[in-house]
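Contents: one structure, followed by commentary.
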Amino acid sequence: MPTNYYLVLSFILFLIGTGGVLMRRNTLIVLMGIELQLNGGNLAMLAFSRALGDEKGHVFAFLIIALAAAEAAVGLAILVGLFRGRQTVNLDEATLMKR
Amino acid sequence: MNPAATAVTASGGEQVVFWLLASLTVFFAGLTMTRRNPVTAVMSLVGTFFCLAAIYATLSAHFLAILQVLVYAGAIMVLFIFVVMILNREEVSPVSWRPTRLVGVAGGVYLLVKFCQVSDLGLPAPVAIPDTFGTVGSIGDMLFRDFLYPFEAISLLLLVAIVGGVILSRSHRKEVDAELAAAARKEVHDRQLHDYPATVDEADALPASGGGHH
(Lines give C-alpha, C1' and ligand atoms only; values in the text may rest on other atoms or scores of the structure.)
Protein backbone atom coordinates (compact mmCIF):
# COMPACT_ATOMS: atom_id res chain seq x y z
CA MET A 1 0.00 0.00 0.00
CA PRO A 2 1.19 3.55 -0.65
CA THR A 3 2.52 5.38 2.36
CA ASN A 4 -0.15 8.08 2.42
CA TYR A 5 -2.91 5.59 3.31
CA TYR A 6 -1.02 4.65 6.46
CA LEU A 7 -0.42 8.31 7.23
CA VAL A 8 -4.10 9.18 6.90
CA LEU A 9 -4.95 6.22 9.15
CA SER A 10 -2.44 7.41 11.74
CA PHE A 11 -3.93 10.92 11.51
CA ILE A 12 -7.42 9.52 12.08
CA LEU A 13 -6.21 7.55 15.11
CA PHE A 14 -4.51 10.62 16.54
CA LEU A 15 -7.66 12.66 15.91
CA ILE A 16 -9.92 10.13 17.66
CA GLY A 17 -7.52 10.16 20.60
CA THR A 18 -7.46 13.95 20.67
CA GLY A 19 -11.25 14.08 20.57
CA GLY A 20 -11.40 11.71 23.54
CA VAL A 21 -8.82 13.72 25.48
CA LEU A 22 -10.64 16.98 24.84
CA MET A 23 -14.26 15.93 25.25
CA ARG A 24 -14.44 13.10 27.76
CA ARG A 25 -14.75 13.73 31.48
CA ASN A 26 -13.60 10.34 32.78
CA THR A 27 -9.86 10.51 33.47
CA LEU A 28 -9.43 6.83 32.53
CA ILE A 29 -10.85 7.45 29.07
CA VAL A 30 -8.62 10.50 28.72
CA LEU A 31 -5.58 8.33 29.46
CA MET A 32 -6.78 5.85 26.84
CA GLY A 33 -7.04 8.75 24.39
CA ILE A 34 -3.41 9.60 25.08
CA GLU A 35 -2.50 5.97 24.32
CA LEU A 36 -4.37 6.23 21.02
CA GLN A 37 -2.46 9.41 20.17
CA LEU A 38 0.86 7.70 20.86
CA ASN A 39 -0.17 4.78 18.69
CA GLY A 40 -1.07 7.11 15.85
CA GLY A 41 2.40 8.59 16.10
CA ASN A 42 3.92 5.11 16.12
CA LEU A 43 2.03 4.12 12.99
CA ALA A 44 3.30 7.19 11.11
CA MET A 45 6.82 6.39 12.32
CA LEU A 46 6.63 2.83 11.02
CA ALA A 47 5.00 3.87 7.73
CA PHE A 48 7.84 6.29 7.00
CA SER A 49 10.34 3.69 8.13
CA ARG A 50 8.94 1.23 5.60
CA ALA A 51 8.77 3.88 2.86
CA LEU A 52 12.40 4.94 3.32
CA GLY A 53 13.74 1.44 4.04
CA ASP A 54 15.33 2.78 7.21
CA GLU A 55 15.01 1.00 10.53
CA LYS A 56 15.55 4.08 12.70
CA GLY A 57 11.78 4.54 12.81
CA HIS A 58 11.43 1.12 14.42
CA VAL A 59 13.85 2.13 17.18
CA PHE A 60 11.88 5.32 17.78
CA ALA A 61 8.63 3.36 17.91
CA PHE A 62 10.25 1.00 20.43
CA LEU A 63 11.24 3.96 22.61
CA ILE A 64 7.74 5.43 22.30
CA ILE A 65 6.21 2.15 23.51
CA ALA A 66 8.47 2.23 26.58
CA LEU A 67 7.50 5.88 27.11
CA ALA A 68 3.82 4.95 26.88
CA ALA A 69 4.30 2.28 29.54
CA ALA A 70 5.92 4.83 31.87
CA GLU A 71 3.21 7.37 31.13
CA ALA A 72 0.43 4.86 31.82
CA ALA A 73 2.01 3.81 35.12
CA VAL A 74 2.42 7.36 36.42
CA GLY A 75 -0.91 8.56 35.02
CA LEU A 76 -2.86 5.72 36.60
CA ALA A 77 -1.03 6.25 39.90
CA ILE A 78 -2.06 9.92 39.81
CA LEU A 79 -5.61 8.80 39.02
CA VAL A 80 -5.66 6.46 42.01
CA GLY A 81 -4.32 9.28 44.18
CA LEU A 82 -7.01 11.61 42.86
CA PHE A 83 -9.70 9.07 43.59
CA ARG A 84 -8.37 8.48 47.08
CA GLY A 85 -8.32 12.18 47.85
CA ARG A 86 -11.54 13.37 46.22
CA GLN A 87 -13.63 10.23 45.56
CA THR A 88 -14.02 11.09 41.89
CA VAL A 89 -12.47 10.35 38.51
CA ASN A 90 -14.22 13.28 36.87
CA LEU A 91 -11.74 15.73 35.38
CA ASP A 92 -14.07 18.70 35.88
CA GLU A 93 -14.05 18.07 39.62
CA ALA A 94 -10.27 17.92 39.88
CA THR A 95 -9.86 21.62 40.54
CA LEU A 96 -7.36 21.62 43.40
CA MET A 97 -4.75 23.63 41.46
CA LYS A 98 -7.23 25.97 39.76
CA ARG A 99 -8.18 28.04 42.79
CA MET B 1 9.97 3.18 -16.91
CA ASN B 2 9.66 4.22 -13.32
CA PRO B 3 10.45 1.45 -10.82
CA ALA B 4 8.89 3.49 -8.02
CA ALA B 5 5.54 3.44 -9.82
CA THR B 6 5.51 -0.34 -9.92
CA ALA B 7 6.43 -0.48 -6.26
CA VAL B 8 3.47 1.75 -5.34
CA THR B 9 0.78 -0.44 -6.90
CA ALA B 10 -0.32 -2.90 -4.26
CA SER B 11 -1.74 -6.33 -4.93
CA GLY B 12 -5.45 -6.95 -4.44
CA GLY B 13 -5.02 -9.11 -1.35
CA GLU B 14 -2.82 -6.54 0.30
CA GLN B 15 -5.44 -3.86 -0.31
CA VAL B 16 -8.21 -5.99 1.14
CA VAL B 17 -6.14 -6.72 4.25
CA PHE B 18 -5.26 -3.05 4.69
CA TRP B 19 -8.82 -1.77 4.35
CA LEU B 20 -10.15 -4.48 6.66
CA LEU B 21 -7.56 -3.76 9.35
CA ALA B 22 -7.82 0.01 8.96
CA SER B 23 -11.61 0.03 9.26
CA LEU B 24 -11.46 -2.31 12.26
CA THR B 25 -8.85 -0.09 13.92
CA VAL B 26 -10.90 3.06 13.43
CA PHE B 27 -14.06 1.26 14.55
CA PHE B 28 -12.49 0.02 17.79
CA ALA B 29 -10.84 3.38 18.44
CA GLY B 30 -14.15 5.17 18.02
CA LEU B 31 -15.79 2.62 20.32
CA THR B 32 -13.07 3.27 22.91
CA MET B 33 -13.71 6.97 22.97
CA THR B 34 -17.51 6.86 22.94
CA ARG B 35 -18.47 4.07 25.34
CA ARG B 36 -19.77 5.03 28.73
CA ASN B 37 -18.67 1.83 30.47
CA PRO B 38 -14.88 1.89 31.12
CA VAL B 39 -14.58 -1.91 30.81
CA THR B 40 -16.03 -1.79 27.28
CA ALA B 41 -13.65 1.06 26.46
CA VAL B 42 -10.62 -0.93 27.67
CA MET B 43 -11.67 -4.01 25.70
CA SER B 44 -12.15 -1.92 22.55
CA LEU B 45 -8.71 -0.43 23.11
CA VAL B 46 -7.27 -3.96 23.26
CA GLY B 47 -8.97 -4.65 19.92
CA THR B 48 -7.45 -1.47 18.50
CA PHE B 49 -4.00 -2.55 19.60
CA PHE B 50 -4.37 -6.02 18.08
CA CYS B 51 -5.46 -4.55 14.75
CA LEU B 52 -2.58 -2.07 14.91
CA ALA B 53 -0.17 -4.92 15.54
CA ALA B 54 -1.45 -6.62 12.40
CA ILE B 55 -0.96 -3.37 10.46
CA TYR B 56 2.59 -3.15 11.80
CA ALA B 57 3.17 -6.67 10.51
CA THR B 58 2.02 -5.61 7.03
CA LEU B 59 4.60 -2.81 7.26
CA SER B 60 7.36 -5.45 7.76
CA ALA B 61 7.73 -4.34 11.38
CA HIS B 62 7.59 -7.83 12.89
CA PHE B 63 9.40 -7.02 16.10
CA LEU B 64 7.22 -3.97 16.75
CA ALA B 65 4.07 -6.05 16.07
CA ILE B 66 5.10 -8.55 18.73
CA LEU B 67 6.02 -5.72 21.08
CA GLN B 68 2.66 -4.05 20.51
CA VAL B 69 0.83 -7.22 21.57
CA LEU B 70 3.15 -7.95 24.50
CA VAL B 71 3.51 -4.48 25.99
CA TYR B 72 0.35 -2.65 24.96
CA ALA B 73 -2.31 -5.33 24.75
CA GLY B 74 -0.63 -7.26 27.55
CA ALA B 75 0.99 -5.11 30.18
CA ILE B 76 -0.51 -1.64 29.81
CA MET B 77 -4.06 -2.86 29.32
CA VAL B 78 -3.83 -5.10 32.39
CA LEU B 79 -2.83 -1.99 34.33
CA PHE B 80 -5.87 -0.18 32.95
CA ILE B 81 -8.14 -3.09 33.81
CA PHE B 82 -6.86 -3.11 37.38
CA VAL B 83 -7.55 0.59 37.80
CA VAL B 84 -11.00 0.22 36.23
CA MET B 85 -11.77 -2.54 38.71
CA ILE B 86 -10.59 -0.37 41.61
CA LEU B 87 -12.54 2.72 40.62
CA ASN B 88 -15.62 1.58 38.76
CA ARG B 89 -17.81 4.65 38.89
CA GLU B 90 -20.92 5.42 36.91
CA GLU B 91 -20.62 8.61 34.95
CA VAL B 92 -23.40 11.15 35.08
CA SER B 93 -22.47 13.06 31.92
CA PRO B 94 -19.51 11.48 30.13
CA VAL B 95 -18.96 14.16 27.49
CA SER B 96 -18.20 17.79 28.20
CA TRP B 97 -19.46 20.06 25.43
CA ARG B 98 -17.38 23.13 26.09
CA PRO B 99 -17.05 25.52 23.14
CA THR B 100 -13.26 25.73 23.23
CA ARG B 101 -12.95 21.93 23.16
CA LEU B 102 -15.42 21.69 20.28
CA VAL B 103 -13.34 24.25 18.39
CA GLY B 104 -10.26 22.11 19.01
CA VAL B 105 -11.93 18.98 17.65
CA ALA B 106 -13.36 20.88 14.64
CA GLY B 107 -9.88 22.25 13.91
CA GLY B 108 -8.52 18.71 14.03
CA VAL B 109 -11.12 17.47 11.54
CA TYR B 110 -10.34 20.39 9.22
CA LEU B 111 -6.64 19.50 9.44
CA LEU B 112 -7.50 15.87 8.59
CA VAL B 113 -9.38 16.94 5.44
CA LYS B 114 -6.49 19.15 4.37
CA PHE B 115 -4.03 16.37 5.16
CA CYS B 116 -5.95 13.90 2.99
CA GLN B 117 -5.81 16.41 0.14
CA VAL B 118 -2.07 16.96 0.28
CA SER B 119 -0.81 13.64 1.63
CA ASP B 120 -0.18 12.04 -1.79
CA LEU B 121 2.12 14.85 -2.85
CA GLY B 122 5.86 14.40 -2.63
CA LEU B 123 5.86 11.25 -0.53
CA PRO B 124 8.59 8.74 -1.30
CA ALA B 125 7.37 5.47 -2.76
CA PRO B 126 8.17 2.38 -0.68
CA VAL B 127 11.62 1.13 -1.59
CA ALA B 128 12.78 -2.46 -1.80
CA ILE B 129 13.85 -3.79 1.59
CA PRO B 130 16.06 -6.70 2.64
CA ASP B 131 14.61 -9.82 4.21
CA THR B 132 15.94 -8.92 7.64
CA PHE B 133 14.05 -5.61 7.73
CA GLY B 134 12.24 -5.20 11.04
CA THR B 135 13.44 -8.43 12.62
CA VAL B 136 14.63 -8.64 16.20
CA GLY B 137 18.23 -9.09 15.10
CA SER B 138 18.51 -6.03 12.91
CA ILE B 139 16.59 -3.77 15.31
CA GLY B 140 18.63 -4.96 18.26
CA ASP B 141 21.80 -4.35 16.28
CA MET B 142 20.78 -0.78 15.57
CA LEU B 143 19.46 -0.24 19.10
CA PHE B 144 22.66 -1.29 20.82
CA ARG B 145 25.07 0.32 18.33
CA ASP B 146 23.59 3.63 17.27
CA PHE B 147 20.95 4.21 19.94
CA LEU B 148 22.64 2.99 23.09
CA TYR B 149 22.31 6.29 24.97
CA PRO B 150 18.59 6.73 24.16
CA PHE B 151 18.08 3.12 25.25
CA GLU B 152 19.78 3.75 28.59
CA ALA B 153 17.87 7.00 28.99
CA ILE B 154 14.56 5.21 28.44
CA SER B 155 15.53 2.57 31.01
CA LEU B 156 16.24 5.39 33.46
CA LEU B 157 12.85 6.89 32.60
CA LEU B 158 11.18 3.56 33.36
CA LEU B 159 12.96 3.40 36.71
CA VAL B 160 11.78 6.92 37.55
CA ALA B 161 8.26 5.98 36.48
CA ILE B 162 8.30 2.93 38.76
CA VAL B 163 9.45 4.99 41.73
CA GLY B 164 6.97 7.74 40.89
CA GLY B 165 4.12 5.28 40.56
CA VAL B 166 4.90 3.68 43.90
CA ILE B 167 5.18 7.04 45.65
CA LEU B 168 2.03 8.48 44.07
CA SER B 169 -0.20 5.49 44.73
CA ARG B 170 1.15 4.88 48.22
CA SER B 171 -1.52 5.07 50.84
CA HIS B 172 -1.11 8.08 53.09
CA ARG B 173 -2.95 6.23 55.81
CA LYS B 174 -0.22 3.60 56.01
CA GLU B 175 2.38 6.32 56.32
CA VAL B 176 0.54 7.83 59.27
CA ASP B 177 0.24 4.39 60.84
CA ALA B 178 3.97 3.80 60.38
CA GLU B 179 4.76 7.13 62.03
CA LEU B 180 2.50 6.29 64.94
CA ALA B 181 4.13 2.88 65.31
CA ALA B 182 7.60 4.45 65.25
CA ALA B 183 6.58 6.93 67.94
CA ALA B 184 5.23 4.06 70.09
CA ARG B 185 8.48 2.10 69.66
CA LYS B 186 10.52 5.16 70.63
CA GLU B 187 8.39 5.64 73.72
CA VAL B 188 8.93 2.01 74.78
CA HIS B 189 12.65 2.39 74.17
CA ASP B 190 12.81 5.61 76.21
CA ARG B 191 10.94 3.99 79.03
CA GLN B 192 13.37 1.03 79.04
CA LEU B 193 16.26 3.47 79.04
CA HIS B 194 14.71 5.22 82.01
CA ASP B 195 13.88 2.08 84.03
CA TYR B 196 16.88 -0.16 83.21
CA PRO B 197 19.65 2.10 81.91
CA ALA B 198 22.45 -0.48 82.26
CA THR B 199 20.87 -3.30 80.22
CA VAL B 200 19.80 -1.03 77.40
CA ASP B 201 23.21 0.60 77.21
CA GLU B 202 24.79 -2.83 77.04
CA ALA B 203 22.43 -3.87 74.25
CA ASP B 204 23.19 -0.68 72.33
CA ALA B 205 26.91 -1.02 72.85
CA LEU B 206 27.09 -4.58 71.50
CA PRO B 207 27.08 -3.75 67.79
CA ALA B 208 29.65 -0.99 68.33
CA SER B 209 32.10 -3.34 70.08
CA GLY B 210 31.44 -5.97 67.43
CA GLY B 211 32.35 -3.44 64.79
CA GLY B 212 35.58 -2.59 66.61
CA HIS B 213 37.04 -6.02 65.91
CA HIS B 214 36.97 -5.52 62.16
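Identifiers for the C-alpha coordinates are assigned positionally: chains receive A, B, ... in sequence, residues are indexed from 1 per chain, and ligands are indexed from 1 in the order shown.
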### Query
What residues in chain B lie within 7 Å of chain A, counting only C-alpha atoms, written as an NGL selection string?
:B and (8-10 or 15 or 22 or 26 or 29-30 or 33 or 59 or 64 or 76 or 94-97 or 101 or 105 or 108 or 112 or 116 or 119-120 or 124-127 or 129 or 134 or 139 or 143 or 154 or 158 or 161 or 164-165 or 168-169)
#### Entry: Expected answer as a PyMOL selection string: alpha helix (DSSP H) residues in chain B
chain B and resi 3-8+12-34+38-58+62-67+77-86+99-118+136-145+148-169+172-195+197-212
### Task
Name the residues in contact with B:Val46 at a cut-off of 6 Å, using only C-alpha atoms, excluding same-chain residues fewer than 3 positions from it; report them as a PyMOL selection string.
chain B and resi 43+49+73
Residues from the last selection, N, CA and C atoms, saved as a short mmCIF file (atom, residue, chain, number, x, y, z; two decimals), in the first residue's frame:
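What follows is the written file selection.cif:
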```
data_model
loop_
_atom_site.label_atom_id
_atom_site.label_comp_id
_atom_site.auth_asym_id
_atom_site.auth_seq_id
_atom_site.Cartn_x
_atom_site.Cartn_y
_atom_site.Cartn_z
N MET B 43 -11.67 -2.86 26.61
CA MET B 43 -11.67 -4.01 25.70
C MET B 43 -11.59 -3.55 24.24
N PHE B 49 -5.43 -2.24 19.57
CA PHE B 49 -4.00 -2.55 19.60
C PHE B 49 -3.70 -3.82 18.82
N ALA B 73 -1.13 -4.52 24.49
CA ALA B 73 -2.31 -5.33 24.75
C ALA B 73 -2.13 -6.19 25.99
#
```
### Task
Record the distance separating atom CA of B:Val17 and atom CA of B:Thr58, expressed in Å with one decimal.
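A separation of 8.7 Å between them.
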#### Entry: Option closest in space to B:Gly74, from B:Ser11, B:Val42, B:Gly104, B:Glu187 [counting only C-alpha atoms]
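Going through B:Ser11, B:Val42, B:Gly104, B:Glu187 one by one, the smallest distance to B:Gly74 is for B:Val42.
Nearest residue to B:Phe80, choosing from A:Arg86, A:Thr27, A:Glu93, A:Met45 and counting only C-alpha atoms: A:Thr27.
For the pair atom CA of B:Ala57 and atom CA of B:Phe147, the separation is 22.9 Å.
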### Message
Using Å and a single decimal, report how far atom CA of B:Met77 sits from atom CA of B:Asn37.
### Response
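Those two atoms sit 15.4 Å apart.
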